[in-house]
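Text of coords-v3.txt, listed as compact mmCIF, C-alpha atoms and all ligand atoms:
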# COMPACT_ATOMS: atom_id res chain seq x y z
CA MET A 1 53.90 -59.79 17.02
CA ALA A 2 57.54 -60.78 17.53
CA THR A 3 58.52 -61.26 21.15
CA GLN A 4 61.39 -59.17 22.40
CA ASP A 5 63.63 -62.25 22.47
CA ALA A 6 62.77 -63.13 18.88
CA LEU A 7 63.43 -59.56 17.82
CA TYR A 8 66.76 -59.44 19.65
CA ASP A 9 67.76 -62.73 18.02
CA ARG A 10 67.81 -60.97 14.71
CA ILE A 11 69.70 -57.93 15.97
CA ASP A 12 73.38 -57.73 16.71
CA LEU A 13 73.29 -56.37 20.24
CA GLU A 14 76.98 -55.61 20.24
CA LEU A 15 76.31 -53.13 17.46
CA SER A 16 73.11 -51.68 18.93
CA TRP A 17 73.46 -49.11 21.66
CA SER A 18 70.79 -47.41 23.70
CA GLU A 19 70.91 -43.70 24.41
CA ARG A 20 71.94 -44.57 27.96
CA ASP A 21 74.78 -46.88 26.89
CA LEU A 22 76.07 -44.38 24.44
CA PRO A 23 75.03 -40.80 25.08
CA GLU A 24 75.39 -38.01 22.52
CA ARG A 25 78.58 -36.80 24.23
CA GLU A 26 80.30 -40.13 23.47
CA ARG A 27 78.96 -40.38 19.95
CA THR A 28 80.33 -36.93 19.19
CA LYS A 29 83.63 -37.24 21.01
CA HIS A 30 86.65 -35.12 20.00
CA VAL A 31 86.88 -34.21 16.32
CA HIS A 32 83.72 -36.07 15.31
CA ARG A 33 81.83 -32.94 16.34
CA LEU A 34 83.96 -30.31 14.62
CA HIS A 35 81.01 -29.50 12.41
CA PRO A 36 77.46 -30.90 12.09
CA TYR A 37 76.91 -33.39 9.29
CA LEU A 38 73.64 -35.12 8.62
CA GLY A 39 73.97 -38.80 7.72
CA LYS A 40 77.10 -39.94 9.49
CA PHE A 41 77.47 -43.21 11.30
CA ILE A 42 78.60 -43.40 14.88
CA PRO A 43 82.29 -43.86 15.72
CA GLN A 44 81.59 -46.80 18.04
CA LEU A 45 80.15 -48.77 15.12
CA VAL A 46 83.33 -48.20 13.12
CA GLU A 47 85.44 -49.09 16.13
CA THR A 48 83.65 -52.42 16.62
CA LEU A 49 83.71 -53.31 12.91
CA LEU A 50 87.44 -52.57 12.68
CA ALA A 51 88.13 -54.77 15.69
CA ARG A 52 85.91 -57.56 14.41
CA TYR A 53 86.73 -57.73 10.72
CA VAL A 54 89.98 -55.91 9.92
CA ARG A 55 93.45 -57.23 10.58
CA PRO A 56 95.34 -55.16 13.19
CA GLY A 57 97.05 -52.17 11.63
CA GLY A 58 95.64 -52.90 8.13
CA PRO A 59 94.86 -49.82 6.01
CA VAL A 60 91.20 -49.05 5.42
CA LEU A 61 89.42 -47.46 2.44
CA ASP A 62 86.14 -45.53 2.62
CA PRO A 63 85.05 -44.47 -0.90
CA PHE A 64 82.03 -42.49 0.45
CA ALA A 65 83.80 -41.02 3.44
CA GLY A 66 81.50 -38.04 4.22
CA SER A 67 82.55 -36.32 7.42
CA GLY A 68 85.37 -38.82 7.95
CA THR A 69 84.09 -41.05 10.75
CA THR A 70 85.89 -44.09 9.30
CA LEU A 71 89.14 -42.17 8.95
CA VAL A 72 89.11 -40.70 12.45
CA GLN A 73 88.25 -44.01 14.10
CA ALA A 74 90.78 -45.87 11.97
CA LEU A 75 93.48 -43.49 13.22
CA GLU A 76 92.31 -44.03 16.79
CA SER A 77 92.35 -47.82 16.35
CA GLY A 78 95.83 -47.90 14.80
CA HIS A 79 95.05 -48.11 11.06
CA ASP A 80 96.02 -45.88 8.14
CA ALA A 81 93.01 -44.80 6.13
CA THR A 82 91.98 -43.36 2.77
CA GLY A 83 88.71 -41.47 2.34
CA VAL A 84 87.05 -40.23 -0.85
CA ASP A 85 84.21 -37.77 -1.18
CA ILE A 86 82.68 -35.81 -4.04
CA ALA A 87 81.66 -32.86 -1.83
CA ALA A 88 84.41 -30.25 -1.35
CA PHE A 89 83.26 -29.27 2.13
CA ASN A 90 83.35 -32.90 3.29
CA ALA A 91 86.89 -33.27 1.97
CA LEU A 92 87.88 -30.10 3.82
CA LEU A 93 86.29 -31.31 7.04
CA MET A 94 88.01 -34.70 6.79
CA ARG A 95 91.39 -33.08 6.22
CA VAL A 96 90.95 -30.81 9.21
CA LYS A 97 89.88 -33.71 11.42
CA THR A 98 92.72 -36.02 10.45
CA ASP A 99 95.72 -33.69 9.89
CA GLU A 100 98.46 -33.57 12.48
CA TYR A 101 99.10 -30.15 14.00
CA ASN A 102 101.67 -28.22 15.90
CA LEU A 103 99.20 -27.46 18.68
CA PHE A 104 101.08 -24.38 19.89
CA VAL A 105 100.91 -22.79 16.45
CA LEU A 106 97.28 -23.78 16.07
CA GLU A 107 96.34 -22.25 19.43
CA ARG A 108 98.25 -19.06 18.68
CA GLU A 109 96.53 -18.68 15.32
CA LEU A 110 93.01 -19.31 16.59
CA ARG A 111 93.47 -16.92 19.52
CA ASP A 112 95.01 -14.31 17.25
CA ALA A 113 92.07 -14.45 14.82
CA CYS A 114 89.63 -14.09 17.74
CA ALA A 115 91.59 -11.14 19.19
CA ARG A 116 91.48 -9.39 15.81
CA LEU A 117 87.75 -9.99 15.65
CA ASP A 118 87.36 -8.47 19.15
CA ALA A 119 89.42 -5.44 18.20
CA ALA A 120 87.83 -4.86 14.82
CA GLU A 121 84.85 -2.79 13.92
CA PRO A 122 83.65 -5.07 11.14
CA GLY A 123 82.39 -2.79 8.40
CA GLY A 124 79.11 -3.19 6.62
CA HIS A 125 78.21 -6.11 4.45
CA GLU A 126 78.26 -4.22 1.17
CA GLY A 127 79.68 -6.40 -1.53
CA ALA A 128 78.25 -9.50 0.16
CA SER A 129 76.65 -12.05 -2.14
CA ALA A 130 72.87 -12.24 -2.48
CA TYR A 131 72.97 -15.45 -0.40
CA VAL A 132 74.81 -13.78 2.48
CA ARG A 133 72.47 -10.78 2.46
CA ARG A 134 69.43 -13.03 2.49
CA TRP A 135 70.52 -15.50 5.16
CA PHE A 136 72.39 -13.33 7.67
CA ALA A 137 71.49 -10.25 9.67
CA PRO A 138 73.76 -7.29 8.68
CA ARG A 139 75.96 -7.48 11.75
CA ALA A 140 76.37 -11.27 11.54
CA ALA A 141 77.26 -10.99 7.83
CA ALA A 142 79.86 -8.28 8.53
CA GLU A 143 81.48 -10.39 11.28
CA LEU A 144 81.60 -13.53 9.15
CA LEU A 145 83.03 -11.64 6.19
CA PHE A 146 85.64 -10.00 8.41
CA PHE A 147 86.71 -13.40 9.78
CA ARG A 148 86.82 -14.77 6.25
CA SER A 149 89.15 -11.93 5.22
CA LEU A 150 91.68 -13.12 7.86
CA VAL A 151 91.69 -16.82 7.13
CA ASP A 152 94.24 -16.94 4.30
CA GLU A 153 96.90 -15.32 6.48
CA TYR A 154 97.24 -18.36 8.73
CA GLU A 155 99.16 -21.60 8.36
CA HIS A 156 96.13 -23.53 9.60
CA ALA A 157 93.71 -21.68 7.32
CA ASP A 158 91.57 -24.80 6.81
CA VAL A 159 90.86 -25.07 10.54
CA LEU A 160 89.69 -21.44 10.53
CA ARG A 161 87.53 -22.21 7.48
CA VAL A 162 85.74 -24.96 9.40
CA VAL A 163 85.24 -22.61 12.39
CA LEU A 164 83.82 -20.01 9.99
CA ALA A 165 81.44 -22.52 8.42
CA ARG A 166 80.21 -23.76 11.79
CA ALA A 167 79.61 -20.21 13.01
CA ALA A 168 77.82 -19.38 9.77
CA ARG A 169 75.54 -22.38 10.23
CA SER A 170 74.55 -21.21 13.71
CA ALA A 171 74.22 -17.56 12.70
CA ARG A 172 71.80 -18.05 9.80
CA ARG A 173 68.36 -16.55 10.02
CA THR A 174 66.67 -19.82 10.92
CA THR A 175 64.51 -21.21 13.65
CA HIS A 176 66.34 -23.22 16.30
CA PHE A 177 64.47 -26.35 15.33
CA ASP A 178 65.21 -26.27 11.61
CA LEU A 179 68.95 -25.93 11.26
CA ASP A 180 69.29 -28.90 8.89
CA PHE A 181 67.44 -27.69 5.81
CA PRO A 182 65.79 -24.32 6.42
CA ARG A 183 63.72 -23.33 3.41
CA ALA A 184 63.35 -19.58 3.90
CA PRO A 185 65.02 -17.07 6.23
CA GLN A 186 63.23 -16.44 9.52
CA ARG A 187 63.21 -12.70 10.05
CA GLY A 188 61.04 -12.12 13.11
CA ALA A 189 60.26 -13.68 16.50
CA TYR A 190 58.69 -17.18 16.38
CA TRP A 191 57.37 -19.85 18.70
CA CYS A 192 60.27 -22.26 19.24
CA HIS A 193 59.31 -25.95 19.53
CA LYS A 194 62.78 -26.76 20.77
CA HIS A 195 62.95 -24.27 23.64
CA LYS A 196 59.18 -24.02 24.29
CA ARG A 197 59.24 -20.25 24.24
CA GLU A 198 59.38 -17.34 21.86
CA CYS A 199 62.79 -17.06 20.20
CA ARG A 200 64.33 -14.62 17.74
CA PRO A 201 66.67 -15.34 14.86
CA VAL A 202 70.32 -14.67 15.55
CA ALA A 203 71.67 -11.20 14.81
CA ARG A 204 75.40 -11.71 15.48
CA ALA A 205 78.10 -14.23 14.65
CA ASP A 206 81.08 -13.08 16.77
CA HIS A 207 80.17 -15.14 19.84
CA PHE A 208 79.85 -18.28 17.68
CA LEU A 209 83.20 -17.63 16.03
CA ARG A 210 84.91 -17.31 19.42
CA ARG A 211 83.13 -20.27 20.99
CA TYR A 212 83.78 -22.59 18.05
CA ALA A 213 87.42 -21.50 17.70
CA LEU A 214 88.06 -22.63 21.28
CA ASP A 215 85.92 -25.74 20.98
CA THR A 216 87.77 -26.75 17.80
CA LEU A 217 91.11 -26.34 19.52
CA ALA A 218 89.97 -28.47 22.47
CA ARG A 219 88.64 -31.18 20.17
CA ILE A 220 91.77 -31.36 18.01
CA ARG A 221 93.85 -31.51 21.17
CA ALA A 222 91.70 -34.31 22.61
CA PHE A 223 92.04 -36.31 19.38
CA SER A 224 95.80 -35.80 19.27
CA ARG A 225 95.98 -37.58 22.64
CA VAL A 226 94.16 -40.71 21.44
CA ARG A 227 95.20 -41.12 17.81
CA ALA A 228 97.77 -43.84 17.17
CA LYS A 229 101.30 -42.59 16.55
CA GLY A 230 102.57 -42.81 13.00
CA ARG A 231 99.18 -43.50 11.41
CA THR A 232 97.93 -41.15 8.72
CA ALA A 233 94.86 -40.54 6.61
CA SER A 234 94.72 -39.49 2.96
CA VAL A 235 91.72 -37.58 1.75
CA LEU A 236 90.81 -37.67 -1.93
CA HIS A 237 88.33 -35.15 -3.26
CA GLY A 238 86.43 -36.32 -6.31
CA ASP A 239 84.08 -38.85 -7.83
CA ALA A 240 84.83 -42.33 -6.47
CA ARG A 241 83.79 -43.76 -9.85
CA ALA A 242 86.74 -42.03 -11.49
CA LEU A 243 89.56 -41.50 -8.97
CA GLY A 244 92.47 -43.84 -8.27
CA LEU A 245 91.64 -45.39 -4.90
CA GLY A 246 95.12 -46.42 -3.71
CA ALA A 247 96.15 -50.06 -3.32
CA ASP A 248 96.48 -52.91 -0.85
CA HIS A 249 93.81 -51.88 1.61
CA ALA A 250 92.93 -54.40 4.32
CA ALA A 251 89.22 -53.53 4.17
CA VAL A 252 86.61 -51.30 2.63
CA LEU A 253 84.35 -49.81 5.29
CA THR A 254 81.69 -47.44 4.04
CA SER A 255 78.13 -46.16 4.20
CA PRO A 256 77.05 -45.07 0.72
CA PRO A 257 74.44 -42.37 0.17
CA TYR A 258 70.90 -43.67 -0.30
CA PRO A 259 68.44 -42.55 -3.03
CA GLY A 260 66.41 -39.45 -2.27
CA LEU A 261 67.43 -39.13 1.37
CA ILE A 262 70.02 -36.42 1.97
CA ASP A 263 71.51 -33.81 -0.33
CA TYR A 264 75.13 -33.78 0.81
CA HIS A 265 75.99 -30.47 -0.84
CA GLU A 266 72.83 -28.61 0.10
CA GLN A 267 73.14 -29.36 3.83
CA HIS A 268 76.32 -27.23 3.87
CA ARG A 269 75.15 -24.57 1.41
CA TYR A 270 76.39 -21.73 3.69
CA ALA A 271 79.91 -23.19 3.60
CA TYR A 272 79.96 -23.38 -0.20
CA GLU A 273 78.74 -19.79 -0.38
CA LEU A 274 81.14 -18.33 2.19
CA LEU A 275 84.22 -20.36 1.33
CA GLY A 276 83.77 -20.26 -2.44
CA LEU A 277 83.90 -24.06 -2.76
CA GLU A 278 83.13 -25.82 -6.02
CA ASP A 279 79.69 -27.47 -6.11
CA ARG A 280 79.87 -30.94 -7.67
CA GLY A 281 76.38 -31.91 -6.64
CA ALA A 282 75.55 -33.10 -10.15
CA SER A 283 77.93 -36.06 -9.64
CA GLU A 284 76.58 -36.93 -6.19
CA LEU A 285 75.10 -40.43 -6.14
CA GLY A 286 71.66 -40.86 -4.62
CA ARG A 287 70.20 -37.59 -5.86
CA GLY A 288 66.54 -38.19 -6.59
CA ALA A 289 64.43 -41.31 -6.35
CA THR A 290 62.90 -41.62 -9.81
CA LYS A 291 63.26 -44.94 -11.59
CA ALA A 292 66.06 -43.55 -13.74
CA ALA A 293 67.84 -42.00 -10.72
CA ILE A 294 67.68 -45.31 -8.87
CA ALA A 295 69.07 -47.21 -11.86
CA ASP A 296 71.98 -44.71 -12.02
CA TYR A 297 72.47 -45.12 -8.30
CA VAL A 298 72.68 -48.90 -8.53
CA ASP A 299 75.22 -48.72 -11.38
CA GLY A 300 77.23 -46.00 -9.65
CA VAL A 301 77.50 -47.66 -6.22
CA ALA A 302 78.23 -51.04 -7.84
CA ASP A 303 80.99 -49.45 -9.88
CA VAL A 304 82.55 -47.81 -6.79
CA LEU A 305 82.38 -51.04 -4.74
CA ARG A 306 83.89 -53.07 -7.59
CA ARG A 307 86.73 -50.56 -8.07
CA SER A 308 87.32 -50.44 -4.30
CA ALA A 309 87.36 -54.23 -3.97
CA GLU A 310 89.96 -54.44 -6.77
CA GLN A 311 92.34 -52.52 -4.49
CA LEU A 312 92.02 -54.95 -1.58
CA GLU A 313 94.52 -57.43 -0.24
CA ASP A 314 93.54 -61.06 -0.82
CA GLY A 315 90.67 -62.15 1.39
CA ALA A 316 89.94 -58.67 2.75
CA PRO A 317 86.31 -57.75 3.50
CA VAL A 318 84.00 -55.11 2.05
CA LEU A 319 81.81 -53.78 4.89
CA VAL A 320 78.80 -51.73 3.85
CA VAL A 321 76.48 -50.04 6.35
CA VAL A 322 73.08 -49.34 4.84
CA ASN A 323 69.37 -49.13 5.57
CA ASP A 324 68.31 -50.78 2.32
CA ARG A 325 64.56 -50.16 2.27
CA ARG A 326 64.36 -50.72 -1.46
CA GLU A 327 66.40 -53.94 -1.38
CA LEU A 328 68.83 -52.62 -3.93
CA TYR A 329 71.93 -54.12 -2.38
CA PRO A 330 71.59 -57.75 -3.47
CA SER A 331 71.90 -56.62 -7.09
CA ILE A 332 74.47 -53.91 -6.29
CA LEU A 333 76.74 -56.51 -4.68
CA GLU A 334 76.26 -58.94 -7.52
CA GLN A 335 77.01 -56.27 -10.11
CA ALA A 336 80.13 -55.33 -8.13
CA GLY A 337 81.36 -58.95 -8.23
CA LEU A 338 80.89 -59.30 -4.47
CA ARG A 339 79.46 -62.19 -2.52
CA LEU A 340 77.44 -61.47 0.60
CA GLU A 341 78.96 -63.52 3.38
CA HIS A 342 76.98 -62.25 6.30
CA ARG A 343 74.42 -59.62 7.12
CA VAL A 344 74.08 -58.20 10.62
CA ARG A 345 71.22 -56.02 11.65
CA ARG A 346 71.61 -53.23 14.12
CA HIS A 347 69.07 -51.16 15.95
CA VAL A 348 69.63 -47.44 15.51
CA ASN A 349 68.24 -45.92 18.60
CA ARG A 350 68.17 -42.21 18.15
CA ARG A 351 69.58 -39.43 16.09
CA THR A 352 69.61 -35.79 16.99
CA GLY A 353 67.67 -33.12 15.12
CA ARG A 354 64.26 -33.35 13.57
CA ARG A 355 64.97 -36.76 12.12
CA ALA A 356 65.16 -38.31 15.59
CA GLY A 357 63.53 -41.70 15.74
CA GLU A 358 64.47 -45.31 15.52
CA TYR A 359 65.09 -47.70 12.69
CA PHE A 360 67.24 -50.65 11.71
CA GLU A 361 70.24 -50.74 9.47
CA ASP A 362 72.36 -53.56 8.15
CA VAL A 363 76.05 -54.18 7.98
CA LEU A 364 76.75 -56.21 4.86
CA ILE A 365 79.94 -58.24 5.05
CA ALA A 366 80.99 -59.16 1.52
CA ARG A 367 84.05 -60.45 -0.28
CA THR A 368 84.99 -60.66 -3.92
CA SER A 369 83.40 -63.64 -5.63
CA MET A 370 86.86 -65.01 -6.56
CA GLN A 371 87.74 -65.47 -2.89
CA ARG A 372 86.69 -68.50 -0.95
C1 LIG B 1 76.15 -41.62 3.93
S1 LIG B 1 77.35 -40.41 3.56
C2 LIG B 1 78.79 -41.05 4.36
C3 LIG B 1 78.85 -40.63 5.80
C4 LIG B 1 80.06 -41.15 6.52
N1 LIG B 1 79.96 -42.57 6.79
C5 LIG B 1 80.24 -40.39 7.84
O1 LIG B 1 80.17 -41.01 8.91
O2 LIG B 1 80.43 -39.18 7.80
C6 LIG B 1 77.69 -40.67 1.86
C7 LIG B 1 78.73 -39.71 1.23
O3 LIG B 1 78.94 -40.12 -0.13
C8 LIG B 1 79.33 -38.95 -0.85
N2 LIG B 1 79.18 -39.19 -2.29
C9 LIG B 1 78.05 -39.19 -3.04
N3 LIG B 1 78.35 -39.45 -4.33
C10 LIG B 1 79.69 -39.65 -4.41
C11 LIG B 1 80.58 -39.96 -5.47
N4 LIG B 1 80.15 -40.10 -6.72
N5 LIG B 1 81.90 -40.11 -5.17
C12 LIG B 1 82.35 -39.94 -3.89
N6 LIG B 1 81.54 -39.63 -2.85
C13 LIG B 1 80.23 -39.48 -3.10
C14 LIG B 1 78.41 -37.86 -0.30
O4 LIG B 1 78.94 -36.58 -0.54
C15 LIG B 1 78.34 -38.24 1.19
O5 LIG B 1 79.23 -37.46 1.93

Using the file provided, produce a representation of the structure as C-alpha cells.
Amino acid sequence: MATQDALYDRIDLELSWSERDLPERERTKHVHRLHPYLGKFIPQLVETLLARYVRPGGPVLDPFAGSGTTLVQALESGHDATGVDIAAFNALLMRVKTDEYNLFVLERELRDACARLDAAEPGGHEGASAYVRRWFAPRAAAELLFFRSLVDEYEHADVLRVVLARAARSARRTTHFDLDFPRAPQRGAYWCHKHKRECRPVARADHFLRRYALDTLARIRAFSRVRAKGRTASVLHGDARALGLGADHAAVLTSPPYPGLIDYHEQHRYAYELLGLEDRGASELGRGATKAAIADYVDGVADVLRRSAEQLEDGAPVLVVVNDRRELYPSILEQAGLRLEHRVRRHVNRRTGRRAGEYFEDVLIARTSMQR
C-alpha cells in the first residue's frame, strides 16, 4: 500500500482541499449557489488555475461552461470570459450570474413579485401541463404558475426565472434525499434518510419563492462587491462544435462532460417544463457509454478543444479538468492537435448530495503542438 507521503507526492496539495479547509459555504459563495447544478467544479480550483497559468487580465474561454463557475471566477479575478453551453437552462443561469445589475431596480422587482404573490389567491392549476400536474401538489403548482405569469413584466425577468426554477426544484413531490434525479413522484409520508424521521412531500411553493428571491438578491449583491470593474462575460448558447468561439483568448479552462455520468438537461427537467426552454439534449456530448457513444464523445470533445485552441493567443494554455477513468484523454488531446505538457492530480474530498464521496481528478495542461 502507498504510504501517505508517497500518495501526497502524486497529488497537488495546493489544489486539494479538505472539508475543513474549504467548507460548503465557501465553495458555494455568492452567485455560485444561485441554483443547484450537479457536476460543477469548485470556484477555488478555477481561482488557483487562473493565477497559476493565465496571464493577468487575459480573457478566458470555457467551451463547456455549465453553471458558469469559470466565468464567475474569471470576473472575480479580473479576466473577461466567454462561456458556451448546449443546455438552455445553463446558458440562462450563466447570464443571470454574470450580468451587471442596477441593484435598486432588481430589489424593487423581486420584492414587488413577492408582494403580488402574497396578495394573490393563486387560482387552480387547470391548464397546467401533465408534467406540472404529476410533479407538484395542486397548491404548489398554482403558486408556481402564478409567479410564472408575472415574470415577463419585469426588466430582470431572467433573474425571476431562475428563482422560479429553484423554487420548483424544491417544491417537487420528491423525497428530501433524492432531489437530483427523482424517478417517480413521492405522494405520501416516507422515512427520510436525510433527516432521520418521517417526512412528507412538499405541498406549497410560496415560501420557497420568497426565500429564494431574497437569497438571490443577497448573492447578486455580494458578487457585485467582489467582481472586477469593467470585466464582462459573454454567454453563447449552442453546440460548441458549431458556434464561433470568439478570438484571442489567453486560455481555455474547462471541464467537459464525461460519458454516461450526468444528463445535463434532465437534471433541470422542471426548469425546461416551467420555462418552456428548448431541449437540445440530443446534441449533448457524453450521453450514453456504449462503444459508439464513446467514439462520438472522443471525436466531439477533440473537435471542440481543437476549435477552442485555434482561438488562443500564441503560447496560451488549454486547461482541462477531468476524471478520466477510461483514459480517453491521451487520444482526445492528440486528435485535437494538443500536446500534454503537465498533468496534476487533485484529491476531491467531498461533494454534497447522494454522490458524496472521494475521488481523484486531473488537471491536464496542454498547448497546441505547433508551440514550443
Ligand atoms: C462538466 S459540465 C461543466 C461544469 C462547469 N465546469 C461548472 O462548473 O458548472 C459539462 C457541460 O458541457 C455541456 N455540453 C455538453 N455537450 C455540449 C456541446 N456539444 N456543446 C456545448 N456544451 C456542451 C453540458 O450541458 C454541461 O453543462

- Residues within 9 Å of ligand LIG 1 (chain B), counting all atoms listed in the file, as a ChimeraX atom specification: /A:32,37-43,46,62-70,84-91,94,236-243,253-258,262-265,281,283-287,300-301,304,321-322

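Take the candidates A:Val60, A:Val72, A:Ala168, A:Ile332 and check each one against Tyr131 (chain A) using all atoms listed in the file; the shortest distance goes to A:Ala168.
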
At a cut-off of 9 Å, can you tabulate as a Markdown table every residue of region 78-120 of chain A near region 138-155 of chain A together with its closest atom pair and the distance in Å to one decimal, using only C-alpha atoms and ordering rows by chain then number?
| residue | atom | partner | partner_atom | distance |
| --- | --- | --- | --- | --- |
| A:Val105 | CA | A:Glu155 | CA | 8.4 |
| A:Leu106 | CA | A:Glu155 | CA | 8.2 |
| A:Glu109 | CA | A:Tyr154 | CA | 6.6 |
| A:Leu110 | CA | A:Tyr154 | CA | 9.0 |
| A:Ala113 | CA | A:Leu150 | CA | 7.1 |
| A:Cys114 | CA | A:Phe147 | CA | 8.5 |
| A:Arg116 | CA | A:Phe147 | CA | 8.7 |
| A:Leu117 | CA | A:Phe147 | CA | 6.9 |
| A:Ala120 | CA | A:Phe146 | CA | 8.5 |

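Take the candidates A:Val96, A:Val363, A:Glu107, A:Gln44 and check each one against Ala218 (chain A) using only C-alpha atoms; the shortest distance goes to A:Glu107.
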
- Task: Around the point (76.6, -41.8, 23.2), in the coordinates given by the file, pick out the residues reaching within 10 Å, counting all atoms listed in the file, and return them as a PyMOL selection string.
- Result: chain A and resi 17-29+42-44+350

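The closest residue to Gly244 (chain A), picked from A:Asp99, A:Asp158, A:Glu310, A:Glu334 and counting all atoms listed in the file, is A:Glu310.
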
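Between CA of Arg173 (chain A) and CA of Arg269 (chain A) lies a distance of 13.6 Å.
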
- Task: Please work out which residues fall within 10 Å of (81.1, -31.0, 14.1), coordinates as given in the file, with all atoms listed in the file counting, and return them as a PyMOL selection string.
- Result: chain A and resi 28-37+67+93+97+162-163+166+212+215-216+219

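Across the model, the gap from CA of Glu100 (chain A) to CA of Ala228 (chain A) is 11.3 Å.
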
- Residue nearest Asp299 (chain A) - candidates A:Gln335, A:Gln186, A:Thr98, A:Gln311, atoms counted: only C-alpha atoms: A:Gln335

Quick one: region 271-277 of chain A with all heavy atoms, as a compact mmCIF listing (two decimals), in the frame of the given file?
# COMPACT_ATOMS: atom_id res chain seq x y z
N ALA A 271 78.46 -23.03 3.70
CA ALA A 271 79.91 -23.19 3.60
C ALA A 271 80.37 -23.00 2.16
O ALA A 271 81.38 -22.34 1.89
CB ALA A 271 80.32 -24.57 4.11
N TYR A 272 79.60 -23.56 1.21
CA TYR A 272 79.96 -23.38 -0.20
C TYR A 272 79.93 -21.90 -0.56
O TYR A 272 80.79 -21.39 -1.27
CB TYR A 272 79.01 -24.19 -1.12
CG TYR A 272 79.35 -25.66 -1.03
CD1 TYR A 272 78.84 -26.45 0.01
CD2 TYR A 272 80.24 -26.25 -1.91
CE1 TYR A 272 79.19 -27.77 0.14
CE2 TYR A 272 80.62 -27.58 -1.78
CZ TYR A 272 80.08 -28.33 -0.75
OH TYR A 272 80.47 -29.64 -0.61
N GLU A 273 78.91 -21.20 -0.05
CA GLU A 273 78.74 -19.79 -0.38
C GLU A 273 79.85 -18.95 0.24
O GLU A 273 80.44 -18.10 -0.41
CB GLU A 273 77.38 -19.28 0.13
CG GLU A 273 76.19 -19.96 -0.52
CD GLU A 273 75.93 -19.47 -1.94
OE1 GLU A 273 76.46 -18.40 -2.32
OE2 GLU A 273 75.19 -20.17 -2.67
N LEU A 274 80.16 -19.18 1.51
CA LEU A 274 81.14 -18.33 2.19
C LEU A 274 82.58 -18.68 1.82
O LEU A 274 83.44 -17.81 1.80
CB LEU A 274 80.98 -18.45 3.70
CG LEU A 274 79.93 -17.50 4.30
CD1 LEU A 274 79.64 -17.88 5.72
CD2 LEU A 274 80.42 -16.06 4.24
N LEU A 275 82.84 -19.95 1.58
CA LEU A 275 84.22 -20.36 1.33
C LEU A 275 84.54 -20.44 -0.17
O LEU A 275 85.67 -20.73 -0.55
CB LEU A 275 84.50 -21.72 1.98
CG LEU A 275 84.32 -21.77 3.51
CD1 LEU A 275 84.48 -23.19 4.04
CD2 LEU A 275 85.33 -20.85 4.19
N GLY A 276 83.53 -20.21 -0.99
CA GLY A 276 83.77 -20.26 -2.44
C GLY A 276 84.16 -21.64 -2.93
O GLY A 276 85.03 -21.78 -3.79
N LEU A 277 83.55 -22.69 -2.37
CA LEU A 277 83.90 -24.06 -2.76
C LEU A 277 83.14 -24.46 -4.02
O LEU A 277 82.00 -24.03 -4.24
CB LEU A 277 83.55 -25.04 -1.63
CG LEU A 277 84.23 -24.79 -0.29
CD1 LEU A 277 83.68 -25.72 0.78
CD2 LEU A 277 85.74 -24.96 -0.41
